[in-house]
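> If you scroll down you'll find the structure; I have some questions about it.
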Amino acid sequence: MKKTASLIKNEFIKEFGKKSTAVILLLALAVGIMLPILSSRNHAADDDRSYLESQISWNDQSIAEIKQESGSKRLPEQRFYEIDNQVLQLQVDENISYSDYRTNLLDYYRSALLEMAGLQLYRERGEHYSLSDIASYLTVPDGIEEMDAAAIDQRLAQLKTQAERYRQVVAQNSYGTYTQIMLEAATEQTNELQKQVDAQQKLVQADAQDLAVAEALSSLKTQLAQQTELVKLYQYRLDHDIGYGEDDYKNNALQELQEQLGERYAPMLDEGDFIEAQKGGQFGRNMTYAQYQESYQDRQKALTERSAVLWHSLENNIPLFESSNKDPRSAAEGLLGSVAIAVIVVVVFAGSSVSREFSSGSIRLLLTRPVRRYKVYTAKWVTCMLLGLGSYLLMAIGTVVTAGIKLGFGGFGVPVLQYRDGAVEQMGFFSYLLPRMGYVCIAIIFIGTIAFFFSAVAKNTALAVALPTAGYFGSPLALQLAIMFGFNWVAYTPIAYMDPSHLVRNDGFLEQLREMSGVTLSAGYGAAMLLGIAALFFAAGMWVFCRRDITN
Amino acid sequence: MDHVLKVEKLCKHIGKKAIVQDATFSVRAGEIMGFLGPNGAGKTTTIKMILGLLKIDSGRVRIGGYDAARQPEQARESVGGIIENPEMYAYLSGRKNLQIYANMYPGITRARIDEVISMVKLGDRIDDKVRRYSLGMRQRLGVAQAIMHRPRLLILDEPTNGLDPMGIKELRDTLQLLARQEGVGVLISSHQLAEMELMCDRVCIIDGGKIIATRDLHADEDQQEQLHIAVKDPQQAAATCSRLLPDLAFTAEDGVLCTRCDHSRIPQLVATMVQAGLEIYAVTPHRDSLEDMFLQTTTGSKGQIQ
């Protein structure tokens, strides 16, 4: 043991005797520092500005070109470009990026203006352009040909008011009014659906045996329930004066609840529909209906739990770290994905550890010492693992400190919400993060040991670095291809578990894989398999190293 | 007599070819044993087997009493070695290299490392990176790492490669010091026969993987000496002397009269020849040079196994 400790000390002397070691570790630290800075950056409106301005000038050119022609045959087209520019200009003037909530409103504004222009041109038309010319570029309401002048005027007035309202909301960024608009629209739809439900109810009562009618009713009721919940969300937003800021966790929670609605209210497919969907490629080829059912139930359960967590976050004012990239916890959680950097580091060290002793010839003077070869091998392996894990630690320190400085250390004190045993629980952030970081370190040990094996057995640094790196970064593609061709057994091999971060983060990977292959990944199985295989490679490499003749 | 190295029936095959067959020899404490052989005879292979770099197919190696196969750590604690040009960590300093190796032995102090550094005369350059060393300096550093732990056996494979005459002499002096004063047994393989003759007490000759001769280079006083006597007519002198001294054999070779006799009989021989009227120009004791012996016993590079 003491000898092995001295050997490890020797390996560190050798590694740190090279400048490249310090450089690599500093690079890892630098990546750790950059991560929170990059991830907390918002999409800048300036990025879109130049695109918008070029769109506007392109439209201007088209307008100029049309104006040069005599006659007004192309007036609808001209109006279309003019309206587009009006909207784009508003977007530019108000600095609205594509991730801004007001993008929706701009679309509504554009729609209103297009319909207004359509009606106006219809009213003024001569022989120059027909209704279908108008309809090609602008919007006309259904049944326009039956509308008299008064009806047209009424509709125009309505649209004008709407358009003005949208424009104002956009210009004044009054999110409350926006929510009000959305709430009104949603409430209107709810009322519509209620009427349809009532009507359908009557049809069912008339003929209780008709399955199609009963099915239609049930479908309408589901839609109604979904719509009611949507209204509830808008109401909550209005009552609590919640804006649409990208970094507002309450906004993001409500957005997620809204996005969830579609999936939560989607009914389970019956067997026939499932097979149809499978043929269409929506589900994996080898998935059975029973597997689909199970996965549907699990998904519903997960959504319900997530919903509970989101509501808990809203009602108790506890931000979820995934809800904002201005939350320092969010940046720190990103460490679970950036273990890939540490994997590269460990491969660089492990891949050269033994092979460079052979290529330089120093292996001879190393192995004539009174130390058994397995101790030399083990000491080298331990050193490489320590360097790989150490680089991950350095990166983590860089990230946490930078996130704290940039986004506030206080943010780390906010508890993490999780659904456990039927209720939402709170947990300290680092109690949440550290075990997960420990889990993803398995990737470092697994890939590092394989690189070390090739270094010791093939005595070739290039091979020992290239193969594991290719394997690690190519595994997602390999997995996808395999599942696509129906080789679901691949989900039980290391290829599926190569990136252990999927098992400790909510990135949707597990759900997607399950949907495509029917296979559920298990964290315990993955850990045992990767570590077991690593142990085998370690032992095999040691066996070769201890037995071989040193011929160079 | 204390043997620091005992090699018994050592064998090594690569595929079907026998590289080393039944090699048996030993090195005593305090003696310098030369290990000679043509290219490809199996010298480096044998040495590598002793040092543990190659697996032994059959046979036994005992170093300082320890079986190298069963007690490798103890055995290797007693041996220091240099194989051809010693490759170290060129990007580290000489001192760091020595420290790394010292960490693998028990009880080597800083003072000992400093002592060894001054012994090989690297004091002023020891903190420079090894890649800046000349060949001679690297060789000296190689000696330093080999003797640092006070081994009982020192094994050197072609250590004078690339050394200038000064370097060779220094190496010889160091080895002789270690052998005579510290009782270290030295096994040294080389092609420099003249150098071997100056340095070694015994030589062991290997050819075609087999030990074919072992010779003691120190002549025994009681042993018979070969004499070359320069005379006017060697043929006539040979005939005359054969008649006068029938118990000795006389031949005429290369223009001289040759015979073998005890050292004590030389005066009688000279007196007899003078009395017989033979004109003597010189009486020279002649020993077979190591080169002569080497070429006589080996097949040269024809015996090469690669």
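Going through the structure tokens in order, the chains are called A, B, and so on, while each chain numbers its residues from 1 and the ligands are numbered from 1 in the order shown.
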Starting from chain A, keep only residues with some atom at most 9 Å from an atom of chain B, counting only C-alpha atoms, and report them as a list of chain:residue names.
A:Lys3, A:Ser6, A:Leu7, A:Lys9, A:Asn10, A:Glu11, A:Ile13, A:Lys14, A:Gly17, A:Lys18, A:Glu357, A:Ser360, A:Gly361, A:Ser362, A:Ile363, A:Arg364, A:Leu365, A:Leu366, A:Leu367, A:Thr368, A:Arg369, A:Pro370, A:Val371, A:Arg372, A:Arg547, A:Arg548, A:Asp549, A:Ile550, A:Thr551
> Go ahead and save the picked residues with N, CA, C and O atoms, as a compact mmCIF listing (two decimals), in the first residue's frame.

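To be explicit, this is the file written out as part16.txt:
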# COMPACT_ATOMS: atom_id res chain seq x y z
N LYS A 3 3.94 1.36 -0.96
CA LYS A 3 4.65 1.41 -2.24
C LYS A 3 3.76 2.01 -3.31
O LYS A 3 4.18 2.82 -4.11
N SER A 6 3.64 5.66 -2.99
CA SER A 6 4.83 6.31 -3.56
C SER A 6 4.76 6.33 -5.07
O SER A 6 5.15 7.30 -5.71
N LEU A 7 4.24 5.24 -5.63
CA LEU A 7 4.13 5.18 -7.09
C LEU A 7 3.16 6.23 -7.60
O LEU A 7 3.39 6.86 -8.63
N LYS A 9 2.53 9.01 -6.16
CA LYS A 9 3.25 10.29 -6.03
C LYS A 9 4.16 10.49 -7.25
O LYS A 9 4.22 11.56 -7.84
N ASN A 10 4.87 9.41 -7.64
CA ASN A 10 5.74 9.48 -8.81
C ASN A 10 4.97 9.86 -10.05
O ASN A 10 5.42 10.67 -10.87
N GLU A 11 3.78 9.27 -10.24
CA GLU A 11 2.99 9.55 -11.43
C GLU A 11 2.58 11.01 -11.47
O GLU A 11 2.57 11.64 -12.52
N ILE A 13 4.29 13.45 -10.12
CA ILE A 13 5.50 14.19 -10.48
C ILE A 13 5.68 14.18 -12.00
O ILE A 13 5.98 15.19 -12.63
N LYS A 14 5.47 12.99 -12.60
CA LYS A 14 5.64 12.89 -14.05
C LYS A 14 4.60 13.72 -14.78
O LYS A 14 4.91 14.40 -15.76
N GLY A 17 5.15 17.45 -14.30
CA GLY A 17 6.41 17.88 -14.88
C GLY A 17 6.19 18.40 -16.29
O GLY A 17 7.00 19.13 -16.84
N LYS A 18 5.05 18.02 -16.88
CA LYS A 18 4.74 18.51 -18.22
C LYS A 18 3.86 19.75 -18.09
O LYS A 18 2.92 19.75 -17.32
N GLU A 357 5.26 5.59 -21.92
CA GLU A 357 6.45 4.99 -21.33
C GLU A 357 7.08 4.02 -22.33
O GLU A 357 8.30 3.91 -22.44
N SER A 360 8.68 6.11 -25.34
CA SER A 360 9.92 6.83 -25.03
C SER A 360 11.01 5.88 -24.55
O SER A 360 12.18 6.25 -24.48
N GLY A 361 10.65 4.66 -24.21
CA GLY A 361 11.64 3.70 -23.73
C GLY A 361 11.83 3.72 -22.23
O GLY A 361 12.56 2.89 -21.67
N SER A 362 11.19 4.67 -21.55
CA SER A 362 11.39 4.76 -20.10
C SER A 362 10.76 3.59 -19.36
O SER A 362 10.96 3.42 -18.17
N ILE A 363 9.98 2.77 -20.08
CA ILE A 363 9.36 1.61 -19.46
C ILE A 363 10.40 0.66 -18.90
O ILE A 363 10.19 0.00 -17.88
N ARG A 364 11.57 0.57 -19.55
CA ARG A 364 12.60 -0.37 -19.11
C ARG A 364 13.07 -0.03 -17.71
O ARG A 364 13.10 -0.87 -16.82
N LEU A 365 13.48 1.22 -17.52
CA LEU A 365 13.98 1.60 -16.20
C LEU A 365 12.87 1.61 -15.16
O LEU A 365 13.13 1.56 -13.97
N LEU A 366 11.62 1.68 -15.61
CA LEU A 366 10.52 1.66 -14.67
C LEU A 366 10.27 0.27 -14.13
O LEU A 366 10.01 0.07 -12.94
N LEU A 367 10.34 -0.72 -14.99
CA LEU A 367 9.94 -2.07 -14.59
C LEU A 367 11.08 -2.91 -14.02
O LEU A 367 10.87 -4.06 -13.63
N THR A 368 12.31 -2.38 -13.99
CA THR A 368 13.38 -3.14 -13.36
C THR A 368 13.48 -2.80 -11.89
O THR A 368 14.42 -3.19 -11.21
N ARG A 369 12.54 -2.05 -11.38
CA ARG A 369 12.56 -1.66 -9.96
C ARG A 369 11.97 -2.78 -9.12
O ARG A 369 11.25 -3.63 -9.63
N PRO A 370 12.22 -2.74 -7.81
CA PRO A 370 11.67 -3.77 -6.93
C PRO A 370 10.20 -3.51 -6.61
O PRO A 370 9.81 -3.41 -5.46
N VAL A 371 9.41 -3.35 -7.65
CA VAL A 371 7.98 -3.12 -7.45
C VAL A 371 7.24 -4.02 -8.42
O VAL A 371 7.57 -4.05 -9.60
N ARG A 372 6.26 -4.76 -7.92
CA ARG A 372 5.54 -5.66 -8.82
C ARG A 372 4.77 -4.85 -9.84
O ARG A 372 4.26 -3.77 -9.55
N ARG A 547 2.06 -9.67 -17.81
CA ARG A 547 2.60 -10.85 -18.47
C ARG A 547 3.58 -10.53 -19.59
O ARG A 547 4.39 -11.36 -19.97
N ARG A 548 3.45 -9.32 -20.17
CA ARG A 548 4.14 -9.16 -21.45
C ARG A 548 5.64 -9.03 -21.31
O ARG A 548 6.17 -8.52 -20.33
N ASP A 549 6.36 -9.43 -22.38
CA ASP A 549 7.80 -9.23 -22.47
C ASP A 549 8.05 -7.81 -22.95
O ASP A 549 7.41 -7.34 -23.87
N ILE A 550 9.01 -7.14 -22.33
CA ILE A 550 9.35 -5.78 -22.75
C ILE A 550 10.44 -5.89 -23.79
O ILE A 550 11.61 -6.10 -23.48
N THR A 551 10.05 -5.77 -25.03
CA THR A 551 11.03 -6.04 -26.08
C THR A 551 11.69 -4.78 -26.63
O THR A 551 12.63 -4.85 -27.39
> Quick one: DSSP strand (DSSP E) residues in segment 44-260 of chain B, as a PyMOL selection string?
chain B and resi 58-63+66-67+79-83+153-157+185-189+202-207+210-216+225-231+250-253+256-260
> Among segment 76-108 of chain B, which residues carry a DSSP assignment of alpha helix (DSSP H), reported as number ranges by chain?
B: 76-77, 94-102
> I need the residues from that last selection saved to file as a PDB file, in the first residue's frame (with N, CA and C atoms), if you can.

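Everything below was put into out_19.pdb:
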ATOM      1  N   ARG B  76      15.031  -7.726  -6.876  1.00  0.00           N
ATOM      2  CA  ARG B  76      15.363  -6.511  -7.626  1.00  0.00           C
ATOM      3  C   ARG B  76      15.846  -5.391  -6.722  1.00  0.00           C
ATOM      4  N   GLU B  77      15.595  -5.508  -5.443  1.00  0.00           N
ATOM      5  CA  GLU B  77      16.172  -4.509  -4.537  1.00  0.00           C
ATOM      6  C   GLU B  77      17.679  -4.619  -4.507  1.00  0.00           C
ATOM      7  N   GLY B  94      17.455  15.915 -14.157  1.00  0.00           N
ATOM      8  CA  GLY B  94      18.164  14.722 -13.698  1.00  0.00           C
ATOM      9  C   GLY B  94      17.805  14.398 -12.265  1.00  0.00           C
ATOM     10  N   ARG B  95      17.726  15.428 -11.459  1.00  0.00           N
ATOM     11  CA  ARG B  95      17.427  15.201 -10.044  1.00  0.00           C
ATOM     12  C   ARG B  95      16.028  14.618  -9.867  1.00  0.00           C
ATOM     13  N   LYS B  96      15.051  15.190 -10.598  1.00  0.00           N
ATOM     14  CA  LYS B  96      13.673  14.677 -10.487  1.00  0.00           C
ATOM     15  C   LYS B  96      13.595  13.221 -10.907  1.00  0.00           C
ATOM     16  N   ASN B  97      14.348  12.892 -11.961  1.00  0.00           N
ATOM     17  CA  ASN B  97      14.374  11.501 -12.407  1.00  0.00           C
ATOM     18  C   ASN B  97      14.887  10.608 -11.284  1.00  0.00           C
ATOM     19  N   LEU B  98      15.974  11.017 -10.651  1.00  0.00           N
ATOM     20  CA  LEU B  98      16.533  10.209  -9.564  1.00  0.00           C
ATOM     21  C   LEU B  98      15.554  10.111  -8.409  1.00  0.00           C
ATOM     22  N   GLN B  99      14.856  11.204  -8.134  1.00  0.00           N
ATOM     23  CA  GLN B  99      13.880  11.164  -7.042  1.00  0.00           C
ATOM     24  C   GLN B  99      12.761  10.172  -7.324  1.00  0.00           C
ATOM     25  N   ILE B 100      12.327  10.170  -8.579  1.00  0.00           N
ATOM     26  CA  ILE B 100      11.255   9.235  -8.956  1.00  0.00           C
ATOM     27  C   ILE B 100      11.699   7.799  -8.713  1.00  0.00           C
ATOM     28  N   TYR B 101      12.914   7.487  -9.152  1.00  0.00           N
ATOM     29  CA  TYR B 101      13.387   6.111  -8.955  1.00  0.00           C
ATOM     30  C   TYR B 101      13.641   5.842  -7.483  1.00  0.00           C
ATOM     31  N   ALA B 102      14.154   6.838  -6.768  1.00  0.00           N
ATOM     32  CA  ALA B 102      14.433   6.642  -5.344  1.00  0.00           C
ATOM     33  C   ALA B 102      13.157   6.325  -4.578  1.00  0.00           C
TER      34      ALA B 102
END
> Neighbours of segment 412-417 of chain A within 6 Å (only C-alpha atoms; same-chain residues fewer than 4 positions away dropped), as number ranges by chain?
A: 329, 425-429
